[in-house]
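Below is upload_24.pdb, which holds PDB, C-alpha atoms, pLDDT in the B column.
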```pdb
ATOM      1  CA  MET A   1      -3.040   0.234   8.412  1.00 57.00           C
ATOM      2  CA  ALA A   2       0.707   0.248   8.855  1.00 73.00           C
ATOM      3  CA  GLY A   3       2.271   3.000  10.936  1.00 91.00           C
ATOM      4  CA  HIS A   4       3.695   4.819   7.940  1.00 97.00           C
ATOM      5  CA  PHE A   5       2.660   6.295   4.597  1.00 98.00           C
ATOM      6  CA  GLU A   6       2.715   3.883   1.678  1.00 97.00           C
ATOM      7  CA  HIS A   7       3.020   6.522  -1.077  1.00 98.00           C
ATOM      8  CA  LEU A   8       3.954  10.105  -0.256  1.00 98.00           C
ATOM      9  CA  PHE A   9       3.948  12.632  -3.080  1.00 98.00           C
ATOM     10  CA  VAL A  10       6.310  15.535  -2.330  1.00 98.00           C
ATOM     11  CA  LEU A  11       5.437  18.405  -4.648  1.00 98.00           C
ATOM     12  CA  GLY A  12       6.470  22.040  -5.058  1.00 97.00           C
ATOM     13  CA  ARG A  13       8.382  24.536  -7.163  1.00 93.00           C
ATOM     14  CA  PRO A  14      12.046  23.938  -8.048  1.00 88.00           C
ATOM     15  CA  ALA A  15      14.283  24.626  -5.054  1.00 88.00           C
ATOM     16  CA  CYS A  16      11.308  24.803  -2.684  1.00 94.00           C
ATOM     17  CA  GLY A  17      12.998  22.287  -0.401  1.00 94.00           C
ATOM     18  CA  LYS A  18      11.878  18.880  -1.716  1.00 95.00           C
ATOM     19  CA  SER A  19      15.380  17.462  -1.971  1.00 91.00           C
ATOM     20  CA  GLU A  20      16.349  18.961   1.385  1.00 94.00           C
ATOM     21  CA  PHE A  21      13.277  17.338   2.971  1.00 97.00           C
ATOM     22  CA  ILE A  22      14.286  13.977   1.534  1.00 96.00           C
ATOM     23  CA  ASP A  23      17.895  14.392   2.650  1.00 95.00           C
ATOM     24  CA  TYR A  24      16.754  15.251   6.175  1.00 97.00           C
ATOM     25  CA  MET A  25      14.536  12.173   6.369  1.00 98.00           C
ATOM     26  CA  GLN A  26      17.231   9.886   4.988  1.00 96.00           C
ATOM     27  CA  HIS A  27      19.491  10.898   7.859  1.00 96.00           C
ATOM     28  CA  GLN A  28      16.924   9.989  10.518  1.00 96.00           C
ATOM     29  CA  ASP A  29      17.067   6.755  12.455  1.00 96.00           C
ATOM     30  CA  ASP A  30      14.546   4.262  11.049  1.00 96.00           C
ATOM     31  CA  ARG A  31      12.593   4.114  14.310  1.00 96.00           C
ATOM     32  CA  ASP A  32      12.518   7.898  14.781  1.00 95.00           C
ATOM     33  CA  ARG A  33      11.505   8.436  11.145  1.00 97.00           C
ATOM     34  CA  ARG A  34       8.567   6.090  11.568  1.00 97.00           C
ATOM     35  CA  GLU A  35       7.439   7.301  14.994  1.00 96.00           C
ATOM     36  CA  ARG A  36       7.943  11.057  14.480  1.00 96.00           C
ATOM     37  CA  TYR A  37       7.159  11.429  10.783  1.00 98.00           C
ATOM     38  CA  HIS A  38       5.230   8.244   9.841  1.00 98.00           C
ATOM     39  CA  LEU A  39       7.730   7.430   7.114  1.00 98.00           C
ATOM     40  CA  GLY A  40       9.271   4.043   6.503  1.00 97.00           C
ATOM     41  CA  ARG A  41      12.615   3.548   4.834  1.00 97.00           C
ATOM     42  CA  LEU A  42      12.491   5.683   1.710  1.00 97.00           C
ATOM     43  CA  HIS A  43      12.231   4.305  -1.802  1.00 97.00           C
ATOM     44  CA  ILE A  44      12.508   7.459  -3.915  1.00 97.00           C
ATOM     45  CA  VAL A  45      10.950   8.067  -7.325  1.00 97.00           C
ATOM     46  CA  ASP A  46      12.174  11.476  -8.528  1.00 95.00           C
ATOM     47  CA  ASP A  47      11.089  12.540 -11.997  1.00 94.00           C
ATOM     48  CA  PHE A  48      14.076  14.879 -12.330  1.00 90.00           C
ATOM     49  CA  VAL A  49      16.220  11.747 -12.688  1.00 92.00           C
ATOM     50  CA  PHE A  50      14.052  10.678 -15.638  1.00 95.00           C
ATOM     51  CA  LEU A  51      14.122  14.197 -17.071  1.00 93.00           C
ATOM     52  CA  TRP A  52      17.919  14.310 -16.881  1.00 91.00           C
ATOM     53  CA  ASP A  53      18.072  11.016 -18.797  1.00 94.00           C
ATOM     54  CA  TYR A  54      16.064  12.601 -21.626  1.00 95.00           C
ATOM     55  CA  PHE A  55      18.469  15.550 -21.657  1.00 93.00           C
ATOM     56  CA  LEU A  56      21.468  13.224 -21.910  1.00 93.00           C
ATOM     57  CA  ASP A  57      19.746  11.210 -24.651  1.00 97.00           C
ATOM     58  CA  ASP A  58      19.396  14.467 -26.593  1.00 97.00           C
ATOM     59  CA  ASP A  59      23.133  15.103 -26.108  1.00 95.00           C
ATOM     60  CA  VAL A  60      23.885  11.726 -27.674  1.00 98.00           C
ATOM     61  CA  ARG A  61      21.555  12.415 -30.598  1.00 97.00           C
ATOM     62  CA  GLU A  62      23.183  15.784 -31.182  1.00 97.00           C
ATOM     63  CA  ALA A  63      26.682  14.308 -31.002  1.00 97.00           C
ATOM     64  CA  HIS A  64      25.687  11.932 -33.817  1.00 98.00           C
ATOM     65  CA  GLY A  65      24.261  14.670 -36.000  1.00 98.00           C
ATOM     66  CA  ARG A  66      20.617  14.040 -35.164  1.00 97.00           C
ATOM     67  CA  PRO A  67      18.166  16.718 -33.955  1.00 97.00           C
ATOM     68  CA  ARG A  68      17.423  17.070 -30.256  1.00 97.00           C
ATOM     69  CA  ILE A  69      13.894  15.996 -29.287  1.00 97.00           C
ATOM     70  CA  TYR A  70      13.094  17.155 -25.772  1.00 96.00           C
ATOM     71  CA  SER A  71      15.558  19.852 -24.723  1.00 93.00           C
ATOM     72  CA  GLN A  72      18.016  22.585 -25.526  1.00 91.00           C
ATOM     73  CA  PRO A  73      21.244  23.158 -23.563  1.00 88.00           C
ATOM     74  CA  ILE A  74      21.661  26.435 -21.684  1.00 81.00           C
ATOM     75  CA  ASP A  75      24.482  28.035 -19.719  1.00 72.00           C
ATOM     76  CA  PRO A  76      25.585  27.488 -17.077  1.00 62.00           C
ATOM     77  CA  GLY A  77      25.462  23.708 -17.295  1.00 64.00           C
ATOM     78  CA  GLY A  78      21.765  23.099 -17.703  1.00 76.00           C
ATOM     79  CA  TYR A  79      18.915  22.403 -20.112  1.00 84.00           C
ATOM     80  CA  GLU A  80      15.468  23.695 -20.978  1.00 85.00           C
ATOM     81  CA  THR A  81      12.585  21.503 -22.074  1.00 89.00           C
ATOM     82  CA  SER A  82      11.439  22.153 -25.641  1.00 90.00           C
ATOM     83  CA  GLU A  83       8.701  19.552 -26.158  1.00 91.00           C
ATOM     84  CA  SER A  84       5.557  19.546 -23.986  1.00 89.00           C
ATOM     85  CA  VAL A  85       5.001  15.798 -24.349  1.00 93.00           C
ATOM     86  CA  ILE A  86       7.922  15.385 -21.935  1.00 94.00           C
ATOM     87  CA  TRP A  87       5.570  16.061 -18.998  1.00 94.00           C
ATOM     88  CA  TYR A  88       3.363  13.117 -19.964  1.00 95.00           C
ATOM     89  CA  LEU A  89       6.396  10.896 -20.484  1.00 97.00           C
ATOM     90  CA  LEU A  90       7.602  11.729 -16.981  1.00 97.00           C
ATOM     91  CA  ILE A  91       4.271  10.781 -15.403  1.00 97.00           C
ATOM     92  CA  ASP A  92       4.345   7.530 -17.352  1.00 98.00           C
ATOM     93  CA  ARG A  93       7.838   6.842 -15.981  1.00 98.00           C
ATOM     94  CA  ILE A  94       6.569   7.500 -12.446  1.00 98.00           C
ATOM     95  CA  ASN A  95       3.659   5.116 -12.973  1.00 98.00           C
ATOM     96  CA  ARG A  96       5.939   2.386 -14.271  1.00 97.00           C
ATOM     97  CA  ALA A  97       8.390   2.792 -11.408  1.00 97.00           C
ATOM     98  CA  VAL A  98       5.693   2.601  -8.734  1.00 97.00           C
ATOM     99  CA  ARG A  99       3.894  -0.307 -10.422  1.00 96.00           C
ATOM    100  CA  LYS A 100       7.036  -2.346  -9.826  1.00 95.00           C
ATOM    101  CA  CYS A 101       6.768  -1.558  -6.138  1.00 93.00           C
ATOM    102  CA  LEU A 102       3.113  -2.563  -6.040  1.00 94.00           C
ATOM    103  CA  LYS A 103       4.167  -6.001  -7.262  1.00 94.00           C
ATOM    104  CA  GLN A 104       6.323  -6.346  -4.123  1.00 93.00           C
ATOM    105  CA  PRO A 105       3.745  -6.031  -1.296  1.00 88.00           C
ATOM    106  CA  THR A 106       6.267  -6.977   1.379  1.00 94.00           C
ATOM    107  CA  LEU A 107       8.224  -3.830   0.447  1.00 94.00           C
ATOM    108  CA  TYR A 108       5.513  -1.731   2.063  1.00 95.00           C
ATOM    109  CA  GLN A 109       6.035  -3.418   5.410  1.00 95.00           C
ATOM    110  CA  ASP A 110       8.968  -1.121   6.105  1.00 95.00           C
ATOM    111  CA  HIS A 111       9.178   1.300   3.139  1.00 97.00           C
ATOM    112  CA  THR A 112       7.457   4.469   1.991  1.00 97.00           C
ATOM    113  CA  MET A 113       7.446   5.206  -1.733  1.00 97.00           C
ATOM    114  CA  LEU A 114       8.333   8.892  -1.930  1.00 98.00           C
ATOM    115  CA  ILE A 115       7.366  10.416  -5.287  1.00 98.00           C
ATOM    116  CA  GLU A 116       8.812  13.839  -6.058  1.00 97.00           C
ATOM    117  CA  PHE A 117       8.088  16.294  -8.866  1.00 96.00           C
ATOM    118  CA  ALA A 118       7.434  19.941  -9.732  1.00 94.00           C
ATOM    119  CA  ARG A 119       4.852  21.289 -12.182  1.00 94.00           C
ATOM    120  CA  GLY A 120       3.845  24.725 -13.353  1.00 86.00           C
ATOM    121  CA  THR A 121       2.171  26.643 -16.126  1.00 73.00           C
ATOM    122  CA  GLU A 122       2.830  24.171 -18.962  1.00 67.00           C
ATOM    123  CA  GLN A 123       1.279  21.274 -17.087  1.00 81.00           C
ATOM    124  CA  GLY A 124      -0.279  21.809 -13.690  1.00 92.00           C
ATOM    125  CA  TYR A 125      -0.605  19.512 -10.717  1.00 96.00           C
ATOM    126  CA  ARG A 126      -4.211  18.648 -11.512  1.00 95.00           C
ATOM    127  CA  ARG A 127      -3.312  17.314 -14.945  1.00 94.00           C
ATOM    128  CA  ALA A 128      -0.262  15.494 -13.620  1.00 96.00           C
ATOM    129  CA  LEU A 129      -2.157  13.819 -10.766  1.00 97.00           C
ATOM    130  CA  GLU A 130      -5.065  12.882 -13.034  1.00 96.00           C
ATOM    131  CA  ASN A 131      -2.575  10.836 -15.067  1.00 96.00           C
ATOM    132  CA  ILE A 132      -1.225   8.906 -12.077  1.00 97.00           C
ATOM    133  CA  ASP A 133      -2.553   5.337 -11.963  1.00 97.00           C
ATOM    134  CA  PRO A 134      -5.670   5.182  -9.722  1.00 96.00           C
ATOM    135  CA  PRO A 135      -4.293   2.250  -7.655  1.00 95.00           C
ATOM    136  CA  ILE A 136      -1.278   4.416  -6.828  1.00 97.00           C
ATOM    137  CA  LEU A 137      -3.356   7.464  -5.869  1.00 97.00           C
ATOM    138  CA  ALA A 138      -5.643   5.340  -3.702  1.00 96.00           C
ATOM    139  CA  ARG A 139      -2.687   4.548  -1.426  1.00 96.00           C
ATOM    140  CA  SER A 140      -1.163   8.027  -1.491  1.00 98.00           C
ATOM    141  CA  ALA A 141      -0.921  11.234   0.496  1.00 98.00           C
ATOM    142  CA  ILE A 142       0.468  14.568  -0.747  1.00 98.00           C
ATOM    143  CA  LEU A 143       2.848  17.002   0.910  1.00 98.00           C
ATOM    144  CA  TYR A 144       3.076  20.262  -1.044  1.00 98.00           C
ATOM    145  CA  ILE A 145       6.073  22.392  -0.025  1.00 98.00           C
ATOM    146  CA  ALA A 146       5.124  26.018  -0.567  1.00 97.00           C
ATOM    147  CA  VAL A 147       7.490  28.874  -1.371  1.00 96.00           C
ATOM    148  CA  SER A 148       6.949  32.004  -3.450  1.00 93.00           C
ATOM    149  CA  PHE A 149       8.310  32.229  -6.978  1.00 89.00           C
ATOM    150  CA  LYS A 150      10.781  34.853  -5.742  1.00 91.00           C
ATOM    151  CA  GLU A 151      12.086  32.496  -3.071  1.00 91.00           C
ATOM    152  CA  SER A 152      12.186  29.583  -5.502  1.00 89.00           C
ATOM    153  CA  TRP A 153      14.393  31.612  -7.841  1.00 85.00           C
ATOM    154  CA  ARG A 154      16.671  32.760  -5.011  1.00 87.00           C
ATOM    155  CA  ARG A 155      17.241  29.205  -3.853  1.00 85.00           C
ATOM    156  CA  ASN A 156      17.659  27.991  -7.422  1.00 79.00           C
ATOM    157  CA  ILE A 157      20.627  30.326  -7.812  1.00 77.00           C
ATOM    158  CA  ALA A 158      22.048  29.633  -4.352  1.00 77.00           C
ATOM    159  CA  ARG A 159      22.107  25.853  -4.726  1.00 71.00           C
ATOM    160  CA  TYR A 160      23.896  25.821  -8.061  1.00 64.00           C
ATOM    161  CA  ASP A 161      27.409  24.431  -7.695  1.00 56.00           C
ATOM    162  CA  GLU A 162      29.587  24.460 -10.798  1.00 47.00           C
ATOM    163  CA  LYS A 163      31.650  21.504  -9.580  1.00 46.00           C
ATOM    164  CA  ARG A 164      28.577  19.296  -9.156  1.00 53.00           C
ATOM    165  CA  LYS A 165      26.298  20.630 -11.880  1.00 52.00           C
ATOM    166  CA  ALA A 166      25.037  17.166 -12.801  1.00 47.00           C
ATOM    167  CA  GLY A 167      23.909  16.465  -9.241  1.00 51.00           C
ATOM    168  CA  ILE A 168      20.292  16.363  -8.094  1.00 49.00           C
ATOM    169  CA  LEU A 169      20.666  19.169  -5.555  1.00 46.00           C
ATOM    170  CA  THR A 170      22.740  21.405  -7.816  1.00 51.00           C
ATOM    171  CA  HIS A 171      21.048  21.550 -11.223  1.00 55.00           C
ATOM    172  CA  MET A 172      20.284  25.015 -12.581  1.00 60.00           C
ATOM    173  CA  VAL A 173      17.028  26.244 -14.090  1.00 66.00           C
ATOM    174  CA  SER A 174      17.316  29.432 -16.154  1.00 70.00           C
ATOM    175  CA  ARG A 175      15.328  32.526 -15.222  1.00 77.00           C
ATOM    176  CA  GLU A 176      13.489  32.364 -18.555  1.00 76.00           C
ATOM    177  CA  ALA A 177      12.545  28.727 -17.996  1.00 73.00           C
ATOM    178  CA  MET A 178      11.568  29.391 -14.385  1.00 78.00           C
ATOM    179  CA  GLU A 179       9.236  32.213 -15.432  1.00 81.00           C
ATOM    180  CA  ARG A 180       7.813  30.286 -18.371  1.00 78.00           C
ATOM    181  CA  VAL A 181       7.215  27.017 -16.556  1.00 79.00           C
ATOM    182  CA  TYR A 182       7.040  27.712 -12.831  1.00 83.00           C
ATOM    183  CA  SER A 183       6.029  31.356 -12.252  1.00 82.00           C
ATOM    184  CA  LEU A 184       2.463  30.133 -11.785  1.00 85.00           C
ATOM    185  CA  ASP A 185       1.134  26.796 -10.650  1.00 89.00           C
ATOM    186  CA  ASP A 186      -2.361  25.559  -9.975  1.00 93.00           C
ATOM    187  CA  TRP A 187      -1.821  24.104  -6.497  1.00 96.00           C
ATOM    188  CA  SER A 188      -3.651  26.882  -4.637  1.00 94.00           C
ATOM    189  CA  GLU A 189      -6.592  26.461  -7.015  1.00 94.00           C
ATOM    190  CA  LEU A 190      -6.530  22.688  -6.699  1.00 96.00           C
ATOM    191  CA  ALA A 191      -6.068  22.706  -2.907  1.00 97.00           C
ATOM    192  CA  PRO A 192      -7.272  26.059  -1.501  1.00 96.00           C
ATOM    193  CA  ALA A 193      -7.308  24.947   2.151  1.00 98.00           C
ATOM    194  CA  PRO A 194      -4.072  24.336   4.116  1.00 98.00           C
ATOM    195  CA  ALA A 195      -5.049  20.677   4.522  1.00 98.00           C
ATOM    196  CA  GLY A 196      -7.802  18.384   3.343  1.00 98.00           C
ATOM    197  CA  TYR A 197      -8.609  15.921   0.578  1.00 98.00           C
ATOM    198  CA  LEU A 198      -8.414  15.979  -3.211  1.00 98.00           C
ATOM    199  CA  ASP A 199     -10.959  13.960  -5.156  1.00 97.00           C
ATOM    200  CA  ILE A 200      -8.851  13.252  -8.179  1.00 95.00           C
ATOM    201  CA  GLY A 201      -8.334  10.285 -10.469  1.00 88.00           C
ATOM    202  CA  GLY A 202     -11.164   8.476  -8.690  1.00 91.00           C
ATOM    203  CA  ALA A 203      -9.313   8.644  -5.350  1.00 96.00           C
ATOM    204  CA  HIS A 204      -9.838  10.603  -2.123  1.00 97.00           C
ATOM    205  CA  VAL A 205      -6.281  11.801  -1.490  1.00 98.00           C
ATOM    206  CA  PRO A 206      -5.248  13.585   1.738  1.00 98.00           C
ATOM    207  CA  TYR A 207      -2.936  16.567   1.405  1.00 98.00           C
ATOM    208  CA  VAL A 208      -1.144  19.186   3.468  1.00 98.00           C
ATOM    209  CA  THR A 209       0.441  22.402   2.220  1.00 98.00           C
ATOM    210  CA  MET A 210       3.572  23.181   4.240  1.00 98.00           C
ATOM    211  CA  ASP A 211       4.964  26.734   4.226  1.00 98.00           C
ATOM    212  CA  ASN A 212       8.738  26.439   3.823  1.00 97.00           C
ATOM    213  CA  GLU A 213       9.728  30.086   4.284  1.00 95.00           C
ATOM    214  CA  PRO A 214      11.965  31.354   5.670  1.00 94.00           C
ATOM    215  CA  GLU A 215      14.587  28.807   4.668  1.00 94.00           C
ATOM    216  CA  SER A 216      16.236  27.050   7.598  1.00 94.00           C
ATOM    217  CA  THR A 217      18.868  24.387   8.206  1.00 92.00           C
ATOM    218  CA  ASP A 218      18.241  24.337  11.974  1.00 96.00           C
ATOM    219  CA  PRO A 219      17.214  20.758  12.896  1.00 95.00           C
ATOM    220  CA  THR A 220      14.906  22.073  15.618  1.00 96.00           C
ATOM    221  CA  VAL A 221      13.064  24.287  13.138  1.00 97.00           C
ATOM    222  CA  LEU A 222      12.888  21.517  10.545  1.00 97.00           C
ATOM    223  CA  ASP A 223      11.655  18.945  13.058  1.00 97.00           C
ATOM    224  CA  GLU A 224       8.797  21.259  14.029  1.00 98.00           C
ATOM    225  CA  ARG A 225       7.999  22.232  10.445  1.00 98.00           C
ATOM    226  CA  TYR A 226       8.121  18.721   8.995  1.00 98.00           C
ATOM    227  CA  GLY A 227       6.671  17.022  12.045  1.00 98.00           C
ATOM    228  CA  THR A 228       3.612  19.272  12.272  1.00 98.00           C
ATOM    229  CA  ALA A 229       2.826  18.857   8.566  1.00 98.00           C
ATOM    230  CA  LEU A 230       3.293  15.097   8.526  1.00 98.00           C
ATOM    231  CA  ARG A 231       1.315  14.491  11.726  1.00 98.00           C
ATOM    232  CA  THR A 232      -1.607  16.401  10.230  1.00 98.00           C
ATOM    233  CA  LEU A 233      -1.257  14.465   6.987  1.00 98.00           C
ATOM    234  CA  TRP A 234      -1.115  11.167   8.852  1.00 98.00           C
ATOM    235  CA  ASP A 235      -4.323  11.980  10.756  1.00 98.00           C
ATOM    236  CA  LEU A 236      -6.048  12.747   7.458  1.00 98.00           C
ATOM    237  CA  THR A 237      -4.709   9.517   5.962  1.00 98.00           C
ATOM    238  CA  ARG A 238      -6.026   7.414   8.836  1.00 96.00           C
ATOM    239  CA  ALA A 239      -9.419   9.125   8.637  1.00 95.00           C
ATOM    240  CA  ARG A 240      -9.778   8.595   4.888  1.00 92.00           C
TER     241      ARG A 240
END
```

Write out the structure in this file as structure tokens.
Amino acid sequence: MAGHFEHLFVLGRPACGKSEFIDYMQHQDDRDRRERYHLGRLHIVDDFVFLWDYFLDDDVREAHGRPRIYSQPIDPGGYETSESVIWYLLIDRINRAVRKCLKQPTLYQDHTMLIEFARGTEQGYRRALENIDPPILARSAILYIAVSFKESWRRNIARYDEKRKAGILTHMVSREAMERVYSLDDWSELAPAPAGYLDIGGAHVPYVTMDNEPESTDPTVLDERYGTALRTLWDLTRAR
């Protein structure tokens, strides 16, 4: 086994800290990232990028007098999903993106595929993970970043920046959409222990749930928080 994760799923509510985790790791030296966090150079598959493409496609349809399919625009500067099939389309896009990586085995010599998404009431994590290709799950570990719904909403508001509203870190989810889609999720039911294994999609997948409250930007705090979670996850991965 290489000294780093091959596929790391980073899951959690909107604004739980997934993007901040990725940003932190991208700013680490390659050697330190591998030795301290067991992560190679990051190849990121973020389903929000795919989701945003569907929103923009709807804008084009609307501009040409055709009905929107997947979304409705909301203020300020955001969208709400309006068609539940979108969640299955996003998983399919993840599968296709990672399949391309699996066809490049040398990529895994120094890269970790980091797969990021959020799910809630409309489609939970169990259903999403059950639709991930088994060969992908078999080489995966899961980091779930846990915050309360209240904290998720607070951070969702705080991160919104009108000047960069199309950016990944600054998109806005409405309160109505947050409550409808993300007020509840099934992670605690799916993974009741702080760490362990999920038998899902025919794979035995190690996971760790990392508490990400209170919010911090202190590198010392983040190093301890991320490092402890990823070391535990790495031990589970090696023991699988």

Worksheet item: Quick one: which residues end up in the PyMOL selection byres ((chain A and resi 38) around 12) for this structure, as a ChimeraX atom specification?
Response: /A:1-8,25,28,30-37,39-42,110-112,141,226-235,237-238

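Each of A:Lys103, A:Arg66, A:His43, A:Lys150 was compared to Pro135 of chain A using only C-alpha atoms, and A:Lys103 turns out to be the nearest.
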
Worksheet item: Suppose you want the space between atom CA of Glu224 of chain A and atom CA of Val10 of chain A; what is it in Å?
Response: 17.5 Å

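Against the coordinates shown, the PyMOL selection byres ((chain A and resi 14) around 8) returns Gly12, Arg13, Ala15, Cys16, Gly17, Ala118, Ser152, Asn156 and Tyr182 of chain A.
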
Item to complete: Quick one: apply the PyMOL selection byres ((chain A and resi 93) around 12) to the file and drop the selected residues here as a PyMOL selection string.
Response: chain A and resi 45-51+53-54+86-92+94-100+115+117+131-133

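The shortest atom-to-atom distance to Val85 of chain A, with all atoms listed in the file taken into account, belongs to A:Gln123 out of A:Gln123, A:Asp218, A:Leu56, A:Tyr144.
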
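Coordinates place atom CA of Glu151 of chain A at a distance of 12.6 Å from atom CA of Arg175 of chain A.
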
Fill in: Selected residue, from A:Ile142, A:Leu11, A:Ala177, A:Ala239, that lies nearest to Gly78 of chain A when counting only C-alpha atoms
A:Ala177

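In this structure, atom CA of Ile145 of chain A sits 7.0 Å away from atom CA of Lys18 of chain A.
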
Please provide as a compact mmCIF listing (two decimals) with C-alpha atoms, in the frame of the given file all residues within 12 Å of Asp57 of chain A, with the sequence filter that same-chain residues fewer than 2 positions apart are discarded (counting all atoms listed in the file).
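The new file out-v2.txt reads:
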```txt
# COMPACT_ATOMS: atom_id res chain seq x y z
CA PHE A 50 14.05 10.68 -15.64
CA LEU A 51 14.12 14.20 -17.07
CA TRP A 52 17.92 14.31 -16.88
CA ASP A 53 18.07 11.02 -18.80
CA TYR A 54 16.06 12.60 -21.63
CA PHE A 55 18.47 15.55 -21.66
CA ASP A 59 23.13 15.10 -26.11
CA VAL A 60 23.88 11.73 -27.67
CA ARG A 61 21.56 12.42 -30.60
CA GLU A 62 23.18 15.78 -31.18
CA ALA A 63 26.68 14.31 -31.00
CA HIS A 64 25.69 11.93 -33.82
CA ARG A 66 20.62 14.04 -35.16
CA PRO A 67 18.17 16.72 -33.96
CA ARG A 68 17.42 17.07 -30.26
CA ILE A 69 13.89 16.00 -29.29
CA TYR A 70 13.09 17.16 -25.77
CA SER A 71 15.56 19.85 -24.72
CA GLN A 72 18.02 22.58 -25.53
```

Could you give me the axis-aligned bounding box of segment 64-74 of chain A, with 4 Å of padding per side, as centre plus edge lengths in Å to one decimal, as AutoDock Vina command-line options?
```
--center_x 19.4 --center_y 19.2 --center_z -28.8 --size_x 20.6 --size_y 22.5 --size_z 22.3
```
